[in-house]
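Asks: Got entry-v6.csv for you, CSV, C-alpha atoms:
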```csv
chain,number,residue,atom,x,y,z
P,1,MET,CA,0.5,-51.9,-85.0
P,2,PRO,CA,4.2,-51.8,-85.7
P,3,LEU,CA,6.5,-54.8,-85.1
P,4,LEU,CA,9.2,-54.4,-82.5
P,5,GLY,CA,12.8,-53.8,-83.5
P,6,PRO,CA,15.7,-55.9,-82.1
P,7,ARG,CA,16.1,-53.8,-79.0
P,8,GLY,CA,12.4,-53.8,-78.2
P,9,ARG,CA,12.2,-57.6,-78.7
P,10,ALA,CA,14.9,-58.1,-76.1
P,11,TRP,CA,13.3,-55.7,-73.6
P,12,PHE,CA,9.9,-57.2,-74.2
P,13,CYS,CA,11.1,-60.8,-73.6
P,14,ALA,CA,13.1,-59.7,-70.5
P,15,ILE,CA,10.0,-58.1,-69.0
P,16,PHE,CA,7.5,-60.8,-70.1
P,17,PHE,CA,9.5,-63.8,-69.1
P,18,GLY,CA,10.9,-62.1,-66.0
P,19,GLY,CA,7.3,-61.6,-65.0
P,20,GLU,CA,6.3,-65.1,-65.8
P,21,LEU,CA,9.3,-66.5,-63.8
P,22,LEU,CA,8.3,-64.3,-60.8
P,23,LEU,CA,4.8,-65.6,-60.9
P,24,VAL,CA,6.0,-69.2,-61.1
P,25,ALA,CA,8.5,-68.6,-58.2
P,26,THR,CA,5.8,-67.0,-56.0
P,27,ALA,CA,2.9,-69.4,-56.9
P,28,GLY,CA,3.3,-71.1,-53.5
P,29,LEU,CA,2.5,-67.9,-51.7
P,30,ARG,CA,-1.0,-68.0,-53.3
P,31,THR,CA,-3.4,-70.6,-51.9
P,32,ASP,CA,-4.6,-71.4,-55.5
P,33,ARG,CA,-1.0,-71.4,-56.8
P,34,SER,CA,-2.4,-69.4,-59.7
P,35,TYR,CA,-0.2,-68.2,-62.5
P,36,GLY,CA,2.4,-70.7,-61.6
P,37,PHE,CA,1.4,-73.4,-64.1
P,38,GLN,CA,1.1,-76.0,-61.3
P,39,MET,CA,-1.4,-78.3,-63.1
P,40,PHE,CA,-3.2,-80.9,-61.0
P,41,PRO,CA,-1.5,-80.0,-57.8
P,42,GLU,CA,-3.6,-82.2,-55.5
P,43,ALA,CA,-6.5,-84.8,-55.5
P,44,SER,CA,-8.3,-83.2,-52.5
P,45,THR,CA,-11.8,-82.8,-51.3
P,46,VAL,CA,-13.6,-80.7,-48.7
P,47,ARG,CA,-17.0,-81.2,-47.1
P,48,MET,CA,-18.5,-78.1,-45.4
P,49,ARG,CA,-21.5,-77.7,-43.1
P,50,ILE,CA,-22.5,-74.4,-41.6
P,51,ASP,CA,-24.2,-73.4,-38.4
P,52,ARG,CA,-25.7,-70.1,-37.3
P,53,ARG,CA,-24.8,-68.7,-33.9
P,54,LEU,CA,-27.8,-66.8,-32.7
P,55,ASP,CA,-28.4,-64.3,-29.9
P,56,GLY,CA,-27.6,-65.9,-26.5
P,57,GLY,CA,-25.0,-68.3,-28.1
P,58,ARG,CA,-27.5,-70.9,-29.4
P,59,VAL,CA,-26.2,-72.7,-32.4
P,60,VAL,CA,-28.5,-73.9,-35.2
P,61,PRO,CA,-27.4,-75.9,-38.2
P,62,ILE,CA,-28.2,-74.7,-41.7
P,63,GLU,CA,-30.0,-77.6,-43.3
P,64,GLN,CA,-30.2,-78.2,-47.1
P,65,GLY,CA,-28.4,-75.0,-47.6
P,66,ARG,CA,-31.2,-72.7,-46.6
P,67,TRP,CA,-32.4,-70.9,-43.4
P,68,GLN,CA,-35.1,-68.5,-42.4
P,69,ALA,CA,-34.6,-65.5,-40.2
P,70,ARG,CA,-36.4,-62.3,-39.3
P,71,ASP,CA,-35.2,-58.8,-40.3
P,72,CYS,CA,-35.0,-56.0,-37.7
P,73,ALA,CA,-38.7,-55.0,-38.4
P,74,GLY,CA,-39.9,-58.6,-37.8
P,75,GLY,CA,-40.4,-59.6,-41.4
P,76,GLU,CA,-39.4,-63.2,-42.3
P,77,HIS,CA,-36.9,-64.0,-45.0
P,78,THR,CA,-35.5,-67.1,-46.6
P,79,PHE,CA,-31.8,-67.3,-47.4
P,80,VAL,CA,-30.3,-69.8,-49.8
P,81,TRP,CA,-26.6,-70.5,-49.7
P,82,ARG,CA,-26.4,-71.7,-53.3
P,83,GLN,CA,-28.0,-68.5,-54.6
P,84,MET,CA,-25.2,-66.4,-53.0
P,85,VAL,CA,-22.3,-68.8,-53.5
P,86,HIS,CA,-21.8,-70.5,-56.9
P,87,SER,CA,-19.4,-73.2,-58.0
P,88,PRO,CA,-16.4,-73.4,-58.1
P,89,ALA,CA,-16.7,-71.8,-54.7
P,90,PRO,CA,-18.1,-74.3,-52.1
P,91,ALA,CA,-21.7,-74.0,-53.2
P,92,ALA,CA,-22.8,-77.5,-52.1
P,93,LEU,CA,-23.0,-78.1,-48.4
P,94,GLY,CA,-22.8,-81.4,-46.6
P,95,VAL,CA,-21.3,-83.3,-49.5
P,96,PRO,CA,-17.6,-83.8,-50.5
P,97,VAL,CA,-16.6,-81.6,-53.3
P,98,GLY,CA,-13.3,-81.6,-55.2
P,99,ALA,CA,-10.6,-79.1,-54.5
P,100,PRO,CA,-8.8,-78.9,-57.9
P,101,TYR,CA,-6.5,-76.1,-56.9
P,102,GLY,CA,-5.7,-77.7,-53.5
P,103,VAL,CA,-7.3,-78.1,-50.1
P,104,ASP,CA,-5.8,-74.8,-48.7
P,105,ASN,CA,-7.4,-72.9,-51.6
P,106,GLU,CA,-10.8,-74.5,-51.0
P,107,VAL,CA,-10.6,-73.6,-47.3
P,108,GLN,CA,-9.7,-70.0,-48.3
P,109,ARG,CA,-12.7,-69.9,-50.6
P,110,ALA,CA,-14.9,-71.3,-47.8
P,111,ARG,CA,-13.6,-68.6,-45.4
P,112,ASP,CA,-14.1,-65.8,-48.0
P,113,ALA,CA,-17.6,-67.1,-49.0
P,114,LEU,CA,-18.6,-67.2,-45.3
P,115,ARG,CA,-17.5,-63.6,-44.8
P,116,TRP,CA,-19.3,-62.5,-48.0
P,117,VAL,CA,-22.5,-64.1,-47.0
P,118,ALA,CA,-22.3,-62.7,-43.5
P,119,ASP,CA,-21.8,-59.2,-45.0
P,120,HIS,CA,-24.5,-59.5,-47.6
P,121,THR,CA,-27.5,-60.7,-45.6
P,122,PRO,CA,-28.7,-57.5,-43.9
P,123,ASP,CA,-32.2,-58.9,-43.7
P,124,ASP,CA,-31.1,-61.5,-41.2
P,125,CYS,CA,-31.3,-59.8,-37.9
P,126,GLU,CA,-31.0,-63.0,-35.8
P,127,THR,CA,-27.7,-64.5,-36.8
P,128,ARG,CA,-24.7,-63.3,-34.8
P,129,ALA,CA,-22.2,-65.4,-36.7
P,130,LEU,CA,-21.9,-68.1,-39.4
P,131,VAL,CA,-19.7,-71.0,-38.3
P,132,ALA,CA,-18.4,-73.4,-40.9
P,133,HIS,CA,-17.0,-76.9,-40.2
P,134,VAL,CA,-14.8,-78.1,-43.0
P,135,ASP,CA,-13.7,-81.7,-43.3
P,136,ARG,CA,-10.6,-82.1,-45.5
P,137,THR,CA,-8.8,-84.8,-47.4
P,138,ARG,CA,-5.5,-84.3,-49.3
P,139,ASN,CA,-4.5,-86.9,-51.8
P,140,GLY,CA,-6.8,-89.4,-50.2
P,141,GLN,CA,-5.5,-88.8,-46.6
P,142,ALA,CA,-7.9,-87.2,-44.0
P,143,LEU,CA,-6.6,-84.0,-42.5
P,144,ASP,CA,-7.8,-82.4,-39.3
P,145,PRO,CA,-11.1,-80.6,-39.7
P,146,VAL,CA,-11.1,-76.8,-39.8
P,147,GLU,CA,-13.6,-74.5,-38.1
P,148,LEU,CA,-14.2,-71.0,-39.6
P,149,GLU,CA,-16.3,-68.2,-38.2
P,150,ALA,CA,-17.6,-65.0,-39.7
P,151,ALA,CA,-19.2,-62.6,-37.2
P,152,ARG,CA,-21.9,-60.4,-38.5
P,153,ALA,CA,-21.9,-56.6,-38.0
P,154,ARG,CA,-25.1,-55.5,-36.2
W,1,MET,CA,29.1,-71.7,-73.1
W,2,LEU,CA,27.5,-68.4,-72.2
W,3,ALA,CA,28.7,-66.9,-75.4
W,4,GLU,CA,27.1,-69.7,-77.3
W,5,VAL,CA,23.8,-69.2,-75.5
W,6,ALA,CA,24.0,-65.5,-76.2
W,7,ALA,CA,24.7,-66.1,-79.9
W,8,LYS,CA,21.8,-68.6,-80.1
W,9,LEU,CA,19.4,-66.1,-78.5
W,10,ARG,CA,20.6,-63.4,-81.0
W,11,ARG,CA,19.9,-65.7,-83.9
W,12,LEU,CA,16.4,-66.4,-82.5
W,13,ARG,CA,15.8,-62.7,-82.1
W,14,GLU,CA,16.8,-62.0,-85.7
W,15,ASP,CA,15.3,-65.0,-87.3
W,16,ALA,CA,12.8,-64.5,-90.2
W,17,GLY,CA,10.7,-66.9,-92.3
W,18,ASP,CA,7.4,-68.1,-93.4
W,19,THR,CA,4.4,-66.8,-91.3
W,20,GLN,CA,1.6,-69.2,-92.4
W,21,ALA,CA,1.8,-71.3,-89.2
W,22,LEU,CA,1.4,-68.1,-87.1
W,23,ALA,CA,-1.8,-67.2,-89.1
W,24,LEU,CA,-3.2,-70.7,-88.5
W,25,VAL,CA,-2.5,-70.4,-84.8
W,26,ARG,CA,-4.1,-67.0,-84.8
W,27,VAL,CA,-7.3,-68.3,-86.2
W,28,GLY,CA,-7.3,-71.2,-83.7
W,29,PHE,CA,-6.9,-68.8,-80.8
W,30,GLY,CA,-9.5,-66.5,-82.3
W,31,LEU,CA,-12.0,-69.4,-82.2
W,32,LEU,CA,-11.0,-70.2,-78.6
W,33,LEU,CA,-11.6,-66.5,-77.7
W,34,LEU,CA,-15.0,-66.7,-79.3
W,35,ASN,CA,-15.7,-69.7,-77.2
W,36,GLU,CA,-14.6,-67.8,-74.1
W,37,ALA,CA,-16.9,-64.9,-75.0
W,38,TRP,CA,-19.7,-67.5,-75.5
W,39,LEU,CA,-19.1,-69.1,-72.1
W,40,ALA,CA,-19.0,-65.7,-70.3
W,41,THR,CA,-22.2,-64.7,-72.0
W,42,GLN,CA,-23.9,-67.9,-71.1
W,43,GLU,CA,-22.8,-67.5,-67.5
W,44,LEU,CA,-24.1,-63.9,-67.4
W,45,ARG,CA,-27.5,-65.0,-68.9
W,46,ASP,CA,-28.0,-68.1,-66.7
W,47,GLN,CA,-26.4,-67.0,-63.4
W,48,GLY,CA,-26.5,-63.2,-63.5
W,49,PHE,CA,-23.7,-60.7,-62.9
W,50,PHE,CA,-20.8,-62.2,-60.9
W,51,GLY,CA,-20.6,-59.1,-58.7
W,52,ASP,CA,-24.0,-59.8,-57.2
W,53,ARG,CA,-22.9,-63.0,-55.7
W,54,PHE,CA,-19.8,-64.2,-53.8
W,55,HIS,CA,-16.6,-63.4,-55.8
W,56,GLN,CA,-13.0,-63.1,-54.9
W,57,PRO,CA,-11.3,-60.1,-56.5
W,58,TYR,CA,-7.6,-59.7,-56.5
W,59,LEU,CA,-8.2,-56.1,-57.4
W,60,PRO,CA,-9.7,-53.5,-54.9
W,61,GLN,CA,-13.5,-53.8,-55.1
W,62,ALA,CA,-13.6,-50.2,-56.7
W,63,LEU,CA,-11.9,-51.6,-59.8
W,64,VAL,CA,-14.3,-54.4,-60.3
W,65,PRO,CA,-16.8,-53.4,-63.1
W,66,SER,CA,-20.5,-52.7,-62.5
W,67,ALA,CA,-23.0,-55.0,-64.2
W,68,GLY,CA,-23.4,-52.4,-67.1
W,69,LEU,CA,-19.7,-52.0,-67.7
W,70,TYR,CA,-19.2,-55.7,-67.5
W,71,THR,CA,-21.7,-56.2,-70.3
W,72,VAL,CA,-19.8,-53.6,-72.4
W,73,LEU,CA,-16.5,-55.5,-71.7
W,74,LEU,CA,-18.2,-58.7,-72.8
W,75,GLY,CA,-19.1,-57.0,-76.0
W,76,GLY,CA,-15.5,-56.0,-76.4
W,77,GLN,CA,-14.5,-59.7,-75.9
W,78,TRP,CA,-16.8,-60.8,-78.7
W,79,LEU,CA,-15.5,-58.0,-81.0
W,80,ALA,CA,-11.9,-58.8,-80.3
W,81,ALA,CA,-12.4,-62.5,-80.9
W,82,ALA,CA,-14.1,-61.8,-84.2
W,83,LEU,CA,-11.3,-59.5,-85.4
W,84,VAL,CA,-8.7,-62.1,-84.4
W,85,VAL,CA,-10.4,-64.8,-86.5
W,86,SER,CA,-10.9,-62.4,-89.5
W,87,GLY,CA,-7.3,-61.2,-89.4
W,88,ARG,CA,-8.4,-57.5,-89.6
W,89,TRP,CA,-6.9,-55.5,-86.7
W,90,ALA,CA,-6.0,-58.9,-85.4
W,91,ARG,CA,-2.9,-57.9,-83.5
W,92,PRO,CA,-4.4,-55.1,-81.5
W,93,ALA,CA,-7.4,-57.3,-81.0
W,94,LEU,CA,-5.2,-60.1,-79.6
W,95,LEU,CA,-3.7,-57.7,-77.1
W,96,ALA,CA,-7.1,-56.4,-76.1
W,97,ALA,CA,-8.4,-59.9,-75.7
W,98,ALA,CA,-5.5,-60.9,-73.5
W,99,GLY,CA,-5.9,-57.8,-71.4
W,100,LEU,CA,-9.6,-58.5,-70.9
W,101,LEU,CA,-8.9,-62.1,-69.9
W,102,VAL,CA,-6.4,-61.0,-67.3
W,103,TYR,CA,-8.6,-58.2,-66.1
W,104,THR,CA,-11.6,-60.5,-65.6
W,105,MET,CA,-9.5,-63.1,-63.7
W,106,LEU,CA,-8.2,-60.3,-61.5
W,107,CYS,CA,-11.8,-59.3,-60.8
W,108,ASP,CA,-12.7,-62.7,-59.6
W,109,ARG,CA,-10.2,-65.4,-58.6
W,110,LEU,CA,-12.9,-68.0,-59.1
W,111,TRP,CA,-12.4,-67.5,-62.8
W,112,PHE,CA,-8.8,-68.4,-62.7
W,113,HIS,CA,-8.0,-71.5,-64.8
W,114,HIS,CA,-4.6,-72.5,-66.2
W,115,TYR,CA,-6.1,-72.6,-69.7
W,116,ARG,CA,-7.2,-68.9,-69.4
W,117,HIS,CA,-3.8,-67.8,-68.1
W,118,THR,CA,-2.2,-69.8,-70.9
W,119,MET,CA,-4.6,-68.2,-73.5
W,120,ALA,CA,-3.8,-64.7,-72.3
W,121,ALA,CA,0.0,-65.4,-72.4
W,122,PHE,CA,-0.1,-66.9,-76.0
W,123,CYS,CA,-2.5,-64.1,-77.3
W,124,ALA,CA,-0.1,-61.4,-76.0
W,125,LEU,CA,2.9,-63.1,-77.6
W,126,LEU,CA,1.0,-63.8,-80.8
W,127,ALA,CA,0.0,-60.1,-81.0
W,128,LEU,CA,3.7,-59.2,-81.4
W,129,SER,CA,4.2,-61.6,-84.3
W,130,PRO,CA,3.3,-61.1,-88.0
W,131,CYS,CA,0.3,-63.4,-87.6
W,132,ASP,CA,-1.8,-61.2,-89.9
W,133,ARG,CA,-0.1,-61.8,-93.2
W,134,HIS,CA,-2.1,-64.9,-94.2
W,135,LEU,CA,-5.7,-66.0,-93.7
W,136,VAL,CA,-7.0,-62.4,-93.6
W,137,LEU,CA,-10.6,-61.8,-94.6
W,138,GLY,CA,-10.8,-60.0,-98.0
W,139,ARG,CA,-7.0,-59.6,-98.3
W,140,ALA,CA,-4.4,-61.5,-100.4
W,141,PRO,CA,-1.6,-63.1,-98.4
W,142,THR,CA,1.7,-61.3,-98.0
W,143,LYS,CA,4.4,-63.8,-98.9
W,144,ASN,CA,7.5,-62.0,-97.7
W,145,PRO,CA,9.3,-63.6,-94.8
W,146,GLY,CA,8.5,-62.1,-91.4
W,147,PRO,CA,10.3,-61.9,-88.1
W,148,LEU,CA,9.9,-65.0,-86.1
W,149,TRP,CA,11.2,-63.9,-82.7
W,150,ALA,CA,7.6,-63.9,-81.2
W,151,GLN,CA,7.0,-67.4,-82.5
W,152,HIS,CA,10.2,-68.5,-80.7
W,153,ALA,CA,8.9,-66.6,-77.6
W,154,MET,CA,5.7,-68.7,-77.8
W,155,LYS,CA,7.8,-71.8,-78.0
W,156,ALA,CA,9.8,-70.6,-75.0
W,157,GLN,CA,6.5,-70.1,-73.1
W,158,VAL,CA,5.7,-73.7,-73.8
W,159,SER,CA,9.0,-74.8,-72.3
W,160,LEU,CA,8.5,-72.6,-69.3
W,161,MET,CA,5.1,-74.1,-68.7
W,162,TYR,CA,6.5,-77.6,-68.8
W,163,LEU,CA,9.4,-76.8,-66.5
W,164,ALA,CA,7.1,-75.0,-64.0
W,165,SER,CA,4.5,-77.8,-64.1
W,166,GLY,CA,7.0,-80.7,-64.1
W,167,GLY,CA,9.3,-79.0,-61.6
W,168,SER,CA,6.5,-78.3,-59.1
W,169,LYS,CA,5.5,-82.0,-59.3
W,170,LEU,CA,9.1,-83.1,-58.8
W,171,LEU,CA,9.5,-81.0,-55.7
W,172,ASP,CA,6.3,-82.3,-54.2
W,173,PRO,CA,7.0,-85.7,-52.5
W,174,GLU,CA,3.3,-86.7,-52.6
W,175,TRP,CA,3.1,-86.0,-56.3
W,176,ARG,CA,6.3,-87.8,-57.3
W,177,GLY,CA,5.4,-90.7,-54.9
W,178,GLY,CA,2.1,-91.2,-56.7
W,179,GLN,CA,-0.4,-90.4,-54.0
W,180,MET,CA,-1.8,-87.5,-55.9
W,181,TRP,CA,-2.1,-89.7,-59.0
W,182,ARG,CA,-4.0,-92.4,-57.1
W,183,GLY,CA,-6.4,-89.9,-55.6
W,184,MET,CA,-7.0,-88.4,-59.0
W,185,VAL,CA,-7.6,-91.6,-60.9
W,186,ARG,CA,-9.9,-92.9,-58.1
W,187,ALA,CA,-12.0,-89.7,-58.4
W,188,LEU,CA,-12.1,-89.8,-62.2
W,189,GLY,CA,-12.8,-93.5,-62.6
W,190,THR,CA,-11.5,-93.3,-66.2
W,191,VAL,CA,-8.2,-95.1,-65.8
W,192,PRO,CA,-7.4,-98.8,-65.8
W,193,ALA,CA,-7.3,-100.4,-62.3
W,194,ALA,CA,-3.6,-101.3,-62.6
W,195,LEU,CA,-2.7,-97.6,-62.5
W,196,GLU,CA,-4.5,-97.2,-59.2
W,197,THR,CA,-2.1,-99.5,-57.4
W,198,PRO,CA,0.7,-97.9,-55.4
W,199,LEU,CA,3.3,-99.1,-57.9
W,200,GLY,CA,1.3,-98.2,-60.9
W,201,ALA,CA,0.6,-94.7,-59.5
W,202,SER,CA,4.2,-94.2,-58.6
W,203,VAL,CA,5.4,-95.2,-62.1
W,204,MET,CA,2.7,-93.0,-63.8
W,205,ALA,CA,3.6,-90.0,-61.6
W,206,LYS,CA,7.3,-90.3,-62.4
W,207,ALA,CA,6.5,-90.8,-66.1
W,208,ALA,CA,4.4,-87.7,-66.2
W,209,ILE,CA,7.1,-85.6,-64.5
W,210,ALA,CA,9.8,-87.0,-66.9
W,211,THR,CA,7.6,-86.3,-69.9
W,212,GLU,CA,7.0,-82.7,-69.0
W,213,LEU,CA,10.6,-82.0,-68.1
W,214,GLY,CA,11.8,-83.8,-71.2
W,215,LEU,CA,9.5,-82.0,-73.6
W,216,ALA,CA,10.7,-78.7,-72.2
W,217,VAL,CA,14.1,-79.4,-73.7
W,218,LEU,CA,13.6,-82.0,-76.5
W,219,LEU,CA,11.2,-79.8,-78.4
W,220,TRP,CA,14.1,-77.5,-79.1
W,221,VAL,CA,16.7,-80.0,-80.2
W,222,PRO,CA,16.5,-80.5,-84.0
W,223,ARG,CA,17.3,-84.2,-83.8
W,224,THR,CA,14.5,-85.0,-81.2
W,225,ARG,CA,12.0,-82.3,-82.1
W,226,ARG,CA,9.6,-84.4,-84.3
W,227,ALA,CA,9.6,-87.3,-81.8
W,228,ALA,CA,9.0,-84.9,-79.0
W,229,ILE,CA,6.1,-83.4,-80.8
W,230,VAL,CA,4.5,-86.8,-81.3
W,231,VAL,CA,5.1,-87.6,-77.6
W,232,GLY,CA,3.7,-84.3,-76.6
W,233,VAL,CA,0.6,-84.6,-78.7
W,234,LEU,CA,-0.1,-88.1,-77.3
W,235,PHE,CA,0.6,-86.8,-73.7
W,236,HIS,CA,-2.0,-84.0,-74.1
W,237,LEU,CA,-4.5,-86.2,-75.8
W,238,ALA,CA,-4.2,-88.8,-73.0
W,239,ILE,CA,-4.6,-86.1,-70.3
W,240,SER,CA,-7.6,-84.7,-72.2
W,241,GLN,CA,-9.2,-88.2,-72.2
W,242,MET,CA,-8.8,-88.5,-68.4
W,243,THR,CA,-9.5,-85.0,-67.1
W,244,PRO,CA,-11.8,-82.1,-68.1
W,245,VAL,CA,-9.0,-79.9,-69.6
W,246,ARG,CA,-9.9,-80.0,-73.3
W,247,LEU,CA,-9.5,-76.3,-73.9
W,248,PHE,CA,-6.0,-76.4,-72.5
W,249,THR,CA,-5.2,-79.4,-74.8
W,250,ILE,CA,-6.5,-77.5,-77.8
W,251,GLU,CA,-4.2,-74.5,-76.9
W,252,MET,CA,-1.2,-76.7,-76.6
W,253,LEU,CA,-1.8,-78.6,-79.8
W,254,LEU,CA,-2.2,-75.3,-81.6
W,255,VAL,CA,1.1,-74.0,-80.3
W,256,TYR,CA,2.8,-77.3,-81.3
W,257,LEU,CA,2.2,-76.2,-84.9
W,258,LEU,CA,4.9,-73.6,-84.3
W,259,PHE,CA,7.5,-76.3,-83.4
W,260,TRP,CA,6.9,-78.3,-86.6
```
Represent the structure contained in this file as structure tokens.

Replies:
Amino acid sequence: MPLLGPRGRAWFCAIFFGGELLLVATAGLRTDRSYGFQMFPEASTVRMRIDRRLDGGRVVPIEQGRWQARDCAGGEHTFVWRQMVHSPAPAALGVPVGAPYGVDNEVQRARDALRWVADHTPDDCETRALVAHVDRTRNGQALDPVELEAARAR
Amino acid sequence: MLAEVAAKLRRLREDAGDTQALALVRVGFGLLLLNEAWLATQELRDQGFFGDRFHQPYLPQALVPSAGLYTVLLGGQWLAAALVVSGRWARPALLAAAGLLVYTMLCDRLWFHHYRHTMAAFCALLALSPCDRHLVLGRAPTKNPGPLWAQHAMKAQVSLMYLASGGSKLLDPEWRGGQMWRGMVRALGTVPAALETPLGASVMAKAAIATELGLAVLLWVPRTRRAAIVVGVLFHLAISQMTPVRLFTIEMLLVYLLFW
């Protein structure tokens, strides 16, 4: 691989560091502030619990991260949250977990994880929607809880 | 003033010299890349293919690899890392390794870590340097001076990181006020109690910001460079003792060799 000449060096540095500066300047637009070198942005936690909204609007909590539901043919299935959602996404339910990239990012992860699970559990023919309740703290201060909902396609 | 800066940049661009430090840094990053390949292999073996569980791609799903292709890419990661350590085809291998790191992080945001971003950036810059003239398996060293512009670019990357990190903390009132520090040390439980008090936390937060912003500049000043290196090494070792960021610490200590 040849080494760059003086002109190529200048161009490379302009593009490379221009790109880096752009990523740093726009880090705040991404919930995880990724590629912006914002180390240790917050000391935050979230605690998430999830309910299932069933036909008729009845709400049933998911306990210990697992639930049972029937498929459309009547067969029974067990679903385990932790098998579908691994750390560093919010895999543990009901306990406070650290949000090293910030509480907003952890809520975003929770929202996306809820959506993913709602879309990838076709054998659950009973659940209309998954509803997450997220308690949040930022730098030791409690924030208002957030409620997230992912409706399931039927 | 502008003319002076332009002249200084031109000198850095044309600079040439000994390339042994670059070779040493290359071997260090090669070992870190081997560790990355090992971690990814372990994850695949223990937890299965990431695409079969919740993942957060930046890329469209169609560009996320299948399980089979991912296994091939993982093989590529191992090969690139081994070539970087050996020194043979080290520079293309560094570029490939950086590309694979970035690609995997874009396939799943959950894989993003500052140390991975940092590793990719340093590998890309190192690939453009003559880092393959020493410490090459089965080949005698080349003793001619080599161009050092990419070495200076790596040093500039260090300063950019300190400025971005320190600057973002300075602009965040909760960070500079110490609230973040208090929360962090409480969670870690590895710091003396005095640093948990509002005053202690505020002082530590301001000291951390000042250290990062100071290092960004003082590492470049001939008169303060050696002292800044000592402060920087202690700073990273202290962070490494308090938080789980050991790989990032190793990367920074490796790149500090280029300032010496």

Asks: Would you list the contacts of stretch 164-178 of chain W as a ChimeraX atom specification, taking every protein, DNA or RNA residue within 8 Å and counting all atoms listed in the file, but skipping same-chain residues closer than 2 positions in sequence?

Replies: /P:24,36-39,41-42,139 /W:160-162,180-182,198,201-206,208-210,212-213

Asks: Between W:Ser66, W:Gln151, W:Gln56, W:Thr118, single out the one closest to W:Met252, counting all atoms listed in the file.

Replies: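 Of all the options, W:Thr118 lies closest to W:Met252.
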
Asks: Determine, for each residue of chain P having at least one atom at most 8 Å from an atom of chain W, the closest pair of atoms and their separation in Å to one decimal, counting all atoms listed in the file; order by chain and ascending number, as JSON lines.

Replies:
```
{"residue": "P:Met1", "atom": "CA", "partner": "W:Pro92", "partner_atom": "CA", "distance": 6.8}
{"residue": "P:Leu3", "atom": "CA", "partner": "W:Leu128", "partner_atom": "CA", "distance": 6.4}
{"residue": "P:Leu4", "atom": "CA", "partner": "W:Leu128", "partner_atom": "CA", "distance": 7.4}
{"residue": "P:Pro6", "atom": "CA", "partner": "W:Arg13", "partner_atom": "CA", "distance": 6.8}
{"residue": "P:Arg9", "atom": "CA", "partner": "W:Arg13", "partner_atom": "CA", "distance": 7.1}
{"residue": "P:Ala10", "atom": "CA", "partner": "W:Arg13", "partner_atom": "CA", "distance": 7.6}
{"residue": "P:Cys13", "atom": "CA", "partner": "W:Ala153", "partner_atom": "CA", "distance": 7.4}
{"residue": "P:Val24", "atom": "CA", "partner": "W:Ala164", "partner_atom": "CA", "distance": 6.6}
{"residue": "P:Ser34", "atom": "CA", "partner": "W:Phe112", "partner_atom": "CA", "distance": 7.1}
{"residue": "P:Tyr35", "atom": "CA", "partner": "W:His117", "partner_atom": "CA", "distance": 6.7}
{"residue": "P:Gly36", "atom": "CA", "partner": "W:Ala164", "partner_atom": "CA", "distance": 6.8}
{"residue": "P:Phe37", "atom": "CA", "partner": "W:Ser165", "partner_atom": "CA", "distance": 5.4}
{"residue": "P:Gln38", "atom": "CA", "partner": "W:Ser165", "partner_atom": "CA", "distance": 4.8}
{"residue": "P:Met39", "atom": "CA", "partner": "W:Ser165", "partner_atom": "CA", "distance": 6.0}
{"residue": "P:Pro41", "atom": "CA", "partner": "W:Lys169", "partner_atom": "CA", "distance": 7.4}
{"residue": "P:Glu42", "atom": "CA", "partner": "W:Met180", "partner_atom": "CA", "distance": 5.6}
{"residue": "P:Ala43", "atom": "CA", "partner": "W:Met184", "partner_atom": "CA", "distance": 5.0}
{"residue": "P:Ser44", "atom": "CA", "partner": "W:Gly183", "partner_atom": "CA", "distance": 7.6}
{"residue": "P:Gln83", "atom": "CA", "partner": "W:Arg53", "partner_atom": "CA", "distance": 7.6}
{"residue": "P:Met84", "atom": "CA", "partner": "W:Arg53", "partner_atom": "CA", "distance": 4.9}
{"residue": "P:Val85", "atom": "CA", "partner": "W:Phe54", "partner_atom": "CA", "distance": 5.2}
{"residue": "P:His86", "atom": "CA", "partner": "W:Phe54", "partner_atom": "CA", "distance": 7.3}
{"residue": "P:Pro88", "atom": "CA", "partner": "W:Leu110", "partner_atom": "CA", "distance": 6.5}
{"residue": "P:Ala89", "atom": "CA", "partner": "W:Leu110", "partner_atom": "CA", "distance": 6.9}
{"residue": "P:Asp112", "atom": "CA", "partner": "W:Gln56", "partner_atom": "CA", "distance": 7.5}
{"residue": "P:Ala113", "atom": "CA", "partner": "W:Phe54", "partner_atom": "CA", "distance": 6.0}
{"residue": "P:Trp116", "atom": "CA", "partner": "W:Phe54", "partner_atom": "CA", "distance": 6.1}
{"residue": "P:Val117", "atom": "CA", "partner": "W:Phe54", "partner_atom": "CA", "distance": 7.3}
{"residue": "P:Asn139", "atom": "CA", "partner": "W:Met180", "partner_atom": "CA", "distance": 4.9}
{"residue": "P:Gly140", "atom": "CA", "partner": "W:Gly183", "partner_atom": "CA", "distance": 5.4}
```

Asks: Mind checking which residues fall within 7 Å of stretch 45-55 of chain P, counting all atoms listed in the file, ignoring those fewer than 2 positions away in the same chain, and posting them as a PyMOL selection string?

Replies: chain P and resi 57-62+93-99+103+126-138

Asks: Interatomic distance between atom CA of W:Leu24 and atom CA of W:His134?

Replies: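 If I compute the distance from atom CA of W:Leu24 to atom CA of W:His134, I get 8.2 Å.
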
Asks: When you draw a straight line from atom CA of W:Leu195 to atom CA of W:Pro244, how long is it in Å?

Replies: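 Computing it gives 18.8 Å between the two atoms.
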
Asks: Between atom CA of W:Leu237 and atom CA of W:Cys131, what is the spacing in Å?

Replies: 26.1 Å

Asks: Skip W:Met119 itself and residues of its chain fewer than 5 positions away, then list as a list in words all residues within 8 Å of it, counting all atoms listed in the file.

Replies: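 The contact residues come out as Phe29, Ala98 and Glu251 of chain W.
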